[in-house]
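What's in my_file_12.pdb: PDB, C-alpha atoms and all ligand atoms
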```
ATOM      1  CA  MET A  51      28.359   6.709  -9.381
ATOM      2  CA  PRO A  52      26.946   6.455  -5.816
ATOM      3  CA  THR A  53      25.691   3.074  -4.665
ATOM      4  CA  GLN A  54      22.092   2.548  -3.563
ATOM      5  CA  ASP A  55      23.247   2.475   0.077
ATOM      6  CA  GLU A  56      25.078   5.783  -0.378
ATOM      7  CA  LEU A  57      21.932   7.319  -1.839
ATOM      8  CA  LYS A  58      19.860   6.020   1.079
ATOM      9  CA  LEU A  59      22.326   7.653   3.467
ATOM     10  CA  LEU A  60      22.107  10.982   1.638
ATOM     11  CA  ALA A  61      18.315  10.972   1.909
ATOM     12  CA  ALA A  62      18.505  10.022   5.596
ATOM     13  CA  LYS A  63      20.968  12.865   6.258
ATOM     14  CA  ARG A  64      18.672  15.385   4.588
ATOM     15  CA  ALA A  65      15.796  14.307   6.830
ATOM     16  CA  LEU A  66      17.799  15.456   9.866
ATOM     17  CA  ASP A  67      17.163  19.049   8.685
ATOM     18  CA  PHE A  68      13.535  18.607   9.718
ATOM     19  CA  ILE A  69      14.324  17.704  13.342
ATOM     20  CA  GLN A  70      14.194  20.395  16.036
ATOM     21  CA  PRO A  71      14.957  20.140  19.772
ATOM     22  CA  GLY A  72      11.987  19.016  21.849
ATOM     23  CA  MET A  73      10.279  17.173  19.010
ATOM     24  CA  VAL A  74       8.658  13.775  19.197
ATOM     25  CA  VAL A  75      10.104  11.895  16.214
ATOM     26  CA  GLY A  76       8.502   8.852  14.610
ATOM     27  CA  LEU A  77      11.147   6.232  13.927
ATOM     28  CA  GLY A  78      10.479   4.290  10.743
ATOM     29  CA  SER A  79      11.664   0.801   9.861
ATOM     30  CA  GLY A  80      13.790  -0.754   7.143
ATOM     31  CA  SER A  81      17.292  -0.061   5.873
ATOM     32  CA  THR A  82      16.824   3.625   4.976
ATOM     33  CA  ALA A  83      14.962   4.478   8.183
ATOM     34  CA  THR A  84      17.674   2.621  10.107
ATOM     35  CA  LEU A  85      20.291   4.964   8.651
ATOM     36  CA  PHE A  86      18.194   7.906   9.791
ATOM     37  CA  ILE A  87      17.835   6.478  13.322
ATOM     38  CA  LYS A  88      21.606   6.021  13.531
ATOM     39  CA  LEU A  89      22.208   9.639  12.468
ATOM     40  CA  LEU A  90      19.565  10.828  14.928
ATOM     41  CA  GLY A  91      21.227   8.755  17.656
ATOM     42  CA  GLU A  92      24.522  10.557  16.971
ATOM     43  CA  LYS A  93      22.764  13.901  17.409
ATOM     44  CA  VAL A  94      21.198  12.735  20.680
ATOM     45  CA  GLN A  95      24.612  11.674  21.915
ATOM     46  CA  GLN A  96      25.805  15.185  21.062
ATOM     47  CA  GLY A  97      23.042  16.655  23.249
ATOM     48  CA  LEU A  98      19.931  16.916  21.054
ATOM     49  CA  LYS A  99      16.825  16.459  23.212
ATOM     50  CA  ILE A 100      14.081  14.605  21.386
ATOM     51  CA  ARG A 101      11.857  11.611  22.073
ATOM     52  CA  GLY A 102      11.098   8.805  19.629
ATOM     53  CA  ILE A 103       8.043   6.696  18.896
ATOM     54  CA  ALA A 104       9.066   3.498  17.147
ATOM     55  CA  SER A 105       7.263   1.741  14.306
ATOM     56  CA  SER A 106       8.738  -1.689  15.076
ATOM     57  CA  GLU A 107      10.459  -3.687  17.776
ATOM     58  CA  ASP A 108      13.677  -3.459  15.731
ATOM     59  CA  SER A 109      13.555   0.337  15.556
ATOM     60  CA  ALA A 110      12.648   0.610  19.244
ATOM     61  CA  LYS A 111      15.656  -1.533  20.183
ATOM     62  CA  LEU A 112      17.983   0.369  17.874
ATOM     63  CA  GLY A 113      16.762   3.761  19.080
ATOM     64  CA  ALA A 114      17.093   2.813  22.743
ATOM     65  CA  SER A 115      20.579   1.357  22.165
ATOM     66  CA  LEU A 116      21.640   4.735  20.745
ATOM     67  CA  GLY A 117      20.272   6.681  23.714
ATOM     68  CA  ILE A 118      17.061   7.917  22.064
ATOM     69  CA  PRO A 119      14.283   7.992  24.707
ATOM     70  CA  VAL A 120      11.691   5.724  23.077
ATOM     71  CA  VAL A 121       8.154   6.350  24.328
ATOM     72  CA  GLY A 122       4.662   5.104  23.491
ATOM     73  CA  PHE A 123       1.372   6.825  22.698
ATOM     74  CA  THR A 124       0.618   7.136  26.432
ATOM     75  CA  GLU A 125       3.509   9.551  26.812
ATOM     76  CA  ALA A 126       2.974  11.409  23.516
ATOM     77  CA  THR A 127      -0.174  11.302  21.425
ATOM     78  CA  GLU A 128       1.427  12.289  18.132
ATOM     79  CA  THR A 129       4.787  12.799  16.469
ATOM     80  CA  ASP A 130       5.989  16.156  15.164
ATOM     81  CA  VAL A 131       7.807  14.420  12.338
ATOM     82  CA  THR A 132       8.028  10.774  11.314
ATOM     83  CA  VAL A 133      10.809   9.635   8.997
ATOM     84  CA  ASP A 134      10.347   6.294   7.266
ATOM     85  CA  GLY A 135      11.295   4.448   4.081
ATOM     86  CA  ALA A 136       9.120   3.090   1.286
ATOM     87  CA  ASP A 137       9.183   0.333  -1.297
ATOM     88  CA  GLU A 138       7.473   2.349  -4.030
ATOM     89  CA  VAL A 139       6.549   6.024  -4.362
ATOM     90  CA  ALA A 140       4.015   7.038  -7.028
ATOM     91  CA  PRO A 141       2.263  10.304  -8.001
ATOM     92  CA  GLY A 142       0.284  11.913  -5.182
ATOM     93  CA  LEU A 143       2.860  10.313  -2.872
ATOM     94  CA  ALA A 144       0.922   7.053  -2.947
ATOM     95  CA  LEU A 145       3.198   4.482  -1.350
ATOM     96  CA  ILE A 146       3.731   0.773  -1.027
ATOM     97  CA  LYS A 147       5.334  -0.066   2.306
ATOM     98  CA  GLY A 148       5.879  -3.229   4.292
ATOM     99  CA  GLY A 149       8.744  -4.845   2.407
ATOM    100  CA  GLY A 150      10.270  -5.417   5.830
ATOM    101  CA  GLY A 151       6.982  -6.573   7.333
ATOM    102  CA  LYS A 152       6.472  -3.560   9.608
ATOM    103  CA  LEU A 153       3.552  -1.921   7.813
ATOM    104  CA  LEU A 154       0.980  -2.134  10.627
ATOM    105  CA  ARG A 155       2.866  -0.194  13.285
ATOM    106  CA  GLU A 156       4.319   2.039  10.559
ATOM    107  CA  LYS A 157       0.827   3.010   9.453
ATOM    108  CA  ILE A 158      -0.239   3.633  13.051
ATOM    109  CA  VAL A 159       2.736   5.936  13.645
ATOM    110  CA  ALA A 160       2.269   7.648  10.266
ATOM    111  CA  SER A 161      -1.410   8.266  11.062
ATOM    112  CA  ALA A 162      -0.381  10.071  14.254
ATOM    113  CA  SER A 163       2.235  12.301  12.605
ATOM    114  CA  LYS A 164       2.029  16.027  12.013
ATOM    115  CA  LYS A 165       4.524  15.590   9.188
ATOM    116  CA  PHE A 166       5.244  12.241   7.519
ATOM    117  CA  ILE A 167       8.507  12.248   5.573
ATOM    118  CA  ILE A 168       9.716   9.392   3.380
ATOM    119  CA  VAL A 169      13.403   8.895   2.652
ATOM    120  CA  ALA A 170      14.295   6.886  -0.433
ATOM    121  CA  ASP A 171      16.765   6.384  -3.223
ATOM    122  CA  SER A 172      15.573   7.102  -6.745
ATOM    123  CA  SER A 173      14.921   3.425  -7.564
ATOM    124  CA  LYS A 174      11.742   3.643  -5.446
ATOM    125  CA  VAL A 175      10.046   6.236  -7.657
ATOM    126  CA  VAL A 176       7.466   4.764 -10.068
ATOM    127  CA  LYS A 177       4.716   6.107 -12.289
ATOM    128  CA  LYS A 178       2.297   3.406 -11.128
ATOM    129  CA  LEU A 179       2.334   1.220  -8.004
ATOM    130  CA  GLY A 180       2.400  -2.553  -8.189
ATOM    131  CA  LYS A 181       5.699  -3.871  -9.460
ATOM    132  CA  PHE A 182       6.663  -4.412  -5.814
ATOM    133  CA  LYS A 183       4.384  -7.052  -4.318
ATOM    134  CA  LEU A 184       1.854  -5.528  -1.953
ATOM    135  CA  PRO A 185       2.330  -6.720   1.643
ATOM    136  CA  ILE A 186      -0.903  -7.502   3.477
ATOM    137  CA  GLU A 187      -0.917  -8.345   7.194
ATOM    138  CA  VAL A 188      -3.475 -11.043   8.054
ATOM    139  CA  ILE A 189      -4.694 -12.827  11.164
ATOM    140  CA  PRO A 190      -3.144 -16.329  10.932
ATOM    141  CA  MET A 191      -6.432 -18.288  11.188
ATOM    142  CA  ALA A 192      -7.978 -16.168   8.416
ATOM    143  CA  GLU A 193      -5.065 -16.591   6.008
ATOM    144  CA  PRO A 194      -6.656 -19.315   3.814
ATOM    145  CA  LEU A 195      -9.846 -17.246   3.509
ATOM    146  CA  VAL A 196      -8.026 -14.027   2.678
ATOM    147  CA  SER A 197      -5.741 -15.796   0.179
ATOM    148  CA  GLU A 198      -8.798 -17.236  -1.569
ATOM    149  CA  ARG A 199     -10.584 -13.869  -1.643
ATOM    150  CA  LEU A 200      -7.527 -12.220  -3.119
ATOM    151  CA  ARG A 201      -7.235 -14.993  -5.698
ATOM    152  CA  ALA A 202     -10.903 -14.538  -6.642
ATOM    153  CA  LEU A 203     -10.174 -10.842  -7.246
ATOM    154  CA  GLY A 204      -7.334 -11.872  -9.564
ATOM    155  CA  TYR A 205      -4.548 -11.132  -7.108
ATOM    156  CA  PRO A 206      -2.412 -14.186  -6.352
ATOM    157  CA  SER A 207      -0.473 -14.054  -3.102
ATOM    158  CA  SER A 208       1.976 -16.089  -1.086
ATOM    159  CA  ILE A 209       2.747 -16.285   2.621
ATOM    160  CA  ARG A 210       5.991 -14.478   3.400
ATOM    161  CA  GLN A 211       8.741 -16.684   4.745
ATOM    162  CA  ALA A 212      11.265 -15.748   7.433
ATOM    163  CA  LYS A 213      14.714 -14.969   6.046
ATOM    164  CA  ASP A 214      16.357 -17.411   8.481
ATOM    165  CA  GLY A 215      14.376 -20.336   7.064
ATOM    166  CA  SER A 216      12.462 -20.880  10.307
ATOM    167  CA  GLY A 217       9.043 -20.882   8.588
ATOM    168  CA  ASN A 218       6.414 -18.208   8.082
ATOM    169  CA  TYR A 219       7.462 -14.629   8.794
ATOM    170  CA  ILE A 220       5.647 -13.444  11.928
ATOM    171  CA  THR A 221       4.989  -9.734  12.433
ATOM    172  CA  ASP A 222       5.518  -7.762  15.650
ATOM    173  CA  GLU A 223       1.801  -8.303  16.352
ATOM    174  CA  GLY A 224       1.951 -12.065  15.748
ATOM    175  CA  ASN A 225       0.329 -12.031  12.308
ATOM    176  CA  LEU A 226       1.281 -13.310   8.841
ATOM    177  CA  ILE A 227       2.190 -11.298   5.766
ATOM    178  CA  LEU A 228       0.714 -12.161   2.382
ATOM    179  CA  ASP A 229       2.739 -10.764  -0.499
ATOM    180  CA  CYS A 230       0.091 -10.031  -3.068
ATOM    181  CA  ASP A 231       0.691  -9.561  -6.760
ATOM    182  CA  PRO A 232      -1.921  -7.359  -8.410
ATOM    183  CA  THR A 233       0.737  -6.809 -11.181
ATOM    184  CA  GLN A 234      -0.157  -3.175 -11.695
ATOM    185  CA  ILE A 235      -2.330  -1.113  -9.388
ATOM    186  CA  ASP A 236      -4.448   1.097 -11.653
ATOM    187  CA  ASP A 237      -6.655   2.399  -8.862
ATOM    188  CA  PRO A 238      -4.889   2.285  -5.476
ATOM    189  CA  THR A 239      -7.861   3.897  -3.705
ATOM    190  CA  ALA A 240     -10.263   1.222  -4.940
ATOM    191  CA  LEU A 241      -7.870  -1.581  -4.027
ATOM    192  CA  ALA A 242      -7.299  -0.099  -0.558
ATOM    193  CA  ALA A 243     -11.067   0.092  -0.066
ATOM    194  CA  GLN A 244     -11.455  -3.589  -1.006
ATOM    195  CA  LEU A 245      -8.703  -4.607   1.402
ATOM    196  CA  ASP A 246     -10.003  -2.366   4.187
ATOM    197  CA  THR A 247     -13.290  -4.280   4.206
ATOM    198  CA  MET A 248     -11.799  -7.780   3.902
ATOM    199  CA  VAL A 249     -12.320  -9.547   7.215
ATOM    200  CA  GLY A 250      -9.084 -11.068   8.461
ATOM    201  CA  VAL A 251      -6.930  -8.368   6.889
ATOM    202  CA  VAL A 252      -5.374  -6.370   9.696
ATOM    203  CA  GLU A 253      -3.672  -3.790   7.475
ATOM    204  CA  HIS A 254      -2.125  -3.434   4.029
ATOM    205  CA  GLY A 255       0.900  -1.680   2.623
ATOM    206  CA  LEU A 256      -0.920   0.964   0.576
ATOM    207  CA  PHE A 257      -0.216   4.300   2.284
ATOM    208  CA  LEU A 258      -2.441   6.780   0.444
ATOM    209  CA  GLY A 259      -2.715  10.463   1.245
ATOM    210  CA  MET A 260      -0.387  10.056   4.212
ATOM    211  CA  ALA A 261       3.059  11.272   3.096
ATOM    212  CA  ASP A 262       3.698  15.014   3.147
ATOM    213  CA  LEU A 263       7.157  14.909   1.628
ATOM    214  CA  VAL A 264       9.450  12.371  -0.024
ATOM    215  CA  LEU A 265      13.192  13.024  -0.074
ATOM    216  CA  VAL A 266      14.559  11.169  -3.072
ATOM    217  CA  ALA A 267      18.313  10.829  -3.402
ATOM    218  CA  GLY A 268      19.462  10.524  -6.996
ATOM    219  CA  GLU A 269      22.910  10.618  -8.588
ATOM    220  CA  ASP A 270      23.129  14.398  -8.708
ATOM    221  CA  ALA A 271      20.808  15.765  -6.070
ATOM    222  CA  ILE A 272      18.127  15.197  -3.500
ATOM    223  CA  THR A 273      14.716  16.007  -4.915
ATOM    224  CA  GLU A 274      11.792  16.911  -2.701
ATOM    225  CA  TYR A 275       8.528  15.374  -3.883
ATOM    226  CA  THR A 276       5.236  16.690  -2.516
ATOM    227  CA  PRO A 277       1.725  15.393  -3.247
ATOM    228  CA  GLU A 278       1.550  17.962  -6.092
ATOM    229  CA  THR A 279       4.811  16.939  -7.789
ATOM    230  CA  LYS A 280       4.454  15.752 -11.392
ATOM    231  CA  PHE A 281       6.305  12.457 -11.915
TER     232      PHE A 281
HETATM  233  O1  LIG A 301       8.295  -2.846   6.454
HETATM  234  C1  LIG A 301       9.206  -2.132   6.067
HETATM  235  C2  LIG A 301       9.069  -0.746   5.665
HETATM  236  O2  LIG A 301       7.865  -0.399   5.083
HETATM  237  C3  LIG A 301      10.264  -0.145   4.943
HETATM  238  O3  LIG A 301      10.234   1.220   5.226
HETATM  239  C4  LIG A 301      10.268  -0.353   3.447
HETATM  240  O4  LIG A 301      10.204  -1.735   3.181
HETATM  241  C5  LIG A 301      11.502   0.245   2.778
HETATM  242  O5  LIG A 301      12.629  -0.380   3.265
HETATM  243  P1  LIG A 301      14.089  -0.042   2.763
HETATM  244  O6  LIG A 301      14.429   1.326   3.236
HETATM  245  O7  LIG A 301      14.948  -1.100   3.405
HETATM  246  O8  LIG A 301      14.093  -0.164   1.272
END
```

This structure in structure tokens:
Amino acid sequence: MPTQDELKLLAAKRALDFIQPGMVVGLGSGSTATLFIKLLGEKVQQGLKIRGIASSEDSAKLGASLGIPVVGFTEATETDVTVDGADEVAPGLALIKGGGGKLLREKIVASASKKFIIVADSSKVVKKLGKFKLPIEVIPMAEPLVSERLRALGYPSSIRQAKDGSGNYITDEGNLILDCDPTQIDDPTALAAQLDTMVGVVEHGLFLGMADLVLVAGEDAITEYTPETKF
């Protein structure tokens, strides 16, 4: 039986099929997107001409180290294809992202993508979002206010800590992440609307109506999920 990492690699490999010479490619973040960037880097070293727009400092560094020309939105205003990972994938291709804390730049890159492709192993597919805690990026001085507002809505949250034990996790934009536990998200659109209007919230990990395709690697095959796919 393939391991989760092997499945992630299979999905990442399949995403290469969507890359053509001359494209601007959005580089996602996280372990699955990292596998894709490494495979893309190999192709670039073999002569493929593409440019990348990165969704995090980590992905920018990795891409550049592999010889991928990493540009910003001054040089290219959109990506032809963006390939990224996800923490949960639900019907309609509603996603939770941000497990790695990169959701803000990821959402910016996704919003400027002609085609937004998610690569994932089958453990990410769910019928309803919410088992994975929803990451919310907040301005540091507003954190106590946002935490209290979330609590009042019945959604407890906690400030994400850095893995190295150095204190609060700080995003690429210098903000905090609140990991919020709405338990089960019955109406992602309504929750996103509440968060969108909460002052102090910079962005949240609900990516709704953004993904065009999800490549899900399971034991036997890679399944392509579109917004119309029945789960
Ligand atoms: O902030 C991180 C991103 O949203 C990742 O794409 C997401 O957490 C999935 O990561 P992984 O591929 O490591 O499961």

**OP:** Give me, please, the distance in Å between CA of Gly80 (chain A) and CA of Lys147 (chain A), quoted to one decimal.
**Re:**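 If I compute the distance from CA of Gly80 (chain A) to CA of Lys147 (chain A), I get 9.8 Å.
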
Original post:
Residues at most 7 Å from ligand LIG 301 (chain A), using only C-alpha atoms and all ligand atoms? Could they come as a ChimeraX atom specification?
Top reply: /A:78-83,134-137,147-153,156,170

**OP:** Might you spell out which residues the PyMOL selection byres (((chain A and resi 102) around 9) and not hetatm) would select in the displayed file, as JSON, numbers by chain?
**Re:** {"A": [73, 74, 75, 76, 77, 100, 101, 103, 104, 110, 113, 118, 119, 120, 121, 122, 129]}

I need the chosen residues saved as a PDB file, keeping the file's coordinate frame, with C-alpha atoms.
```pdb
ATOM      1  CA  MET A  73      10.279  17.173  19.010  1.00  0.00           C
ATOM      2  CA  VAL A  74       8.658  13.775  19.197  1.00  0.00           C
ATOM      3  CA  VAL A  75      10.104  11.895  16.214  1.00  0.00           C
ATOM      4  CA  GLY A  76       8.502   8.852  14.610  1.00  0.00           C
ATOM      5  CA  LEU A  77      11.147   6.232  13.927  1.00  0.00           C
ATOM      6  CA  ILE A 100      14.081  14.605  21.386  1.00  0.00           C
ATOM      7  CA  ARG A 101      11.857  11.611  22.073  1.00  0.00           C
ATOM      8  CA  ILE A 103       8.043   6.696  18.896  1.00  0.00           C
ATOM      9  CA  ALA A 104       9.066   3.498  17.147  1.00  0.00           C
ATOM     10  CA  ALA A 110      12.648   0.610  19.244  1.00  0.00           C
ATOM     11  CA  GLY A 113      16.762   3.761  19.080  1.00  0.00           C
ATOM     12  CA  ILE A 118      17.061   7.917  22.064  1.00  0.00           C
ATOM     13  CA  PRO A 119      14.283   7.992  24.707  1.00  0.00           C
ATOM     14  CA  VAL A 120      11.691   5.724  23.077  1.00  0.00           C
ATOM     15  CA  VAL A 121       8.154   6.350  24.328  1.00  0.00           C
ATOM     16  CA  GLY A 122       4.662   5.104  23.491  1.00  0.00           C
ATOM     17  CA  THR A 129       4.787  12.799  16.469  1.00  0.00           C
TER      18      THR A 129
END
```

Subject >> Explicit residues for the PyMOL selection byres (((chain A and resi 230) around 8) and not hetatm) (as a ChimeraX atom specification) >> reply: /A:183-186,200,205-208,228-229,231-232

Original post:
Can you list, as a PyMOL selection string, the residues that the PyMOL selection byres (((chain A and resi 277) around 6) and not hetatm) selects here?
Top reply: chain A and resi 142-143+276+278-279

Original post:
How many Å lie between CA of Ile209 (chain A) and CA of Ser197 (chain A), rounded to one decimal?
Top reply: 8.8 Å

Original post:
If we count all atoms listed in the file, what is near Ala242 (chain A) at a cut-off of 12 Å, once residues fewer than 4 positions away on the same chain are taken out, given as a VMD selection string?
Top reply: chain A and resid 144 to 146 184 to 186 232 235 to 238 246 to 248 251 253 to 259

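Nearest residue to Ile227 (chain A), choosing from A:Ala240, A:Ile87, A:Val252, A:Ile69 and counting only C-alpha atoms: A:Val252.
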
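Straight-line separation from CA of Thr221 (chain A) to CA of Ser109 (chain A): 13.6 Å.
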
Subject >> Pick from A:Leu263, A:Val196, A:Ser216, A:Leu179, whichever lies nearest to Thr233 (chain A) using only C-alpha atoms >> reply: A:Leu179

Original post:
Out of A:Arg64, A:Lys99, A:Lys178, A:Arg210, which residue has the shortest atom-to-atom distance to Leu265 (chain A) when counting all atoms listed in the file?
Top reply: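 Under the stated criterion, the closest residue is A:Arg64.
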
Original post:
Using all atoms listed in the file, which of A:Ser173, A:Ser115, A:Ser163, A:Gln234 sits nearest Glu92 (chain A)?
Top reply: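 Checking each candidate against Glu92 (chain A), we get A:Ser115 as the closest.
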
Original post:
From the list A:Leu90, A:Thr132, A:Asp214, A:Lys181, which residue is nearest Gly117 (chain A) when using all atoms listed in the file?
Top reply: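 So, comparing all the options, the nearest one is A:Leu90.
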
**OP:** Could you tell me which of A:Ile220, A:Ile189, A:Ile272, A:Ala202 comes closest to Val249 (chain A) if we count only C-alpha atoms?
**Re:**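 Checking each of A:Ile220, A:Ile189, A:Ile272, A:Ala202 against Val249 (chain A), counting only C-alpha atoms, the winner is A:Ile189.
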
What's around Glu56 (chain A) at 10 Å? Count all atoms listed in the file, leave out sequence neighbours fewer than 4 positions away in its own chain, and write the answer as a short mmCIF file (atom, residue, chain, number, x, y, z; two decimals) with C-alpha atoms, in the frame of the given file.
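Wrote part_20.cif, looks like this:
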```cif
data_model
loop_
_atom_site.label_atom_id
_atom_site.label_comp_id
_atom_site.auth_asym_id
_atom_site.auth_seq_id
_atom_site.Cartn_x
_atom_site.Cartn_y
_atom_site.Cartn_z
CA MET A 51 28.36 6.71 -9.38
CA PRO A 52 26.95 6.46 -5.82
CA LEU A 60 22.11 10.98 1.64
CA ALA A 61 18.32 10.97 1.91
CA ALA A 62 18.50 10.02 5.60
CA ASP A 171 16.76 6.38 -3.22
CA ALA A 267 18.31 10.83 -3.40
CA GLY A 268 19.46 10.52 -7.00
CA GLU A 269 22.91 10.62 -8.59
#
```

Original post:
Quick one: residues within 8 Å of Lys63 (chain A), all atoms listed in the file counted, chain neighbours fewer than 3 positions away excluded, as a PyMOL selection string?
Top reply: chain A and resi 59-60+66-67+86+89
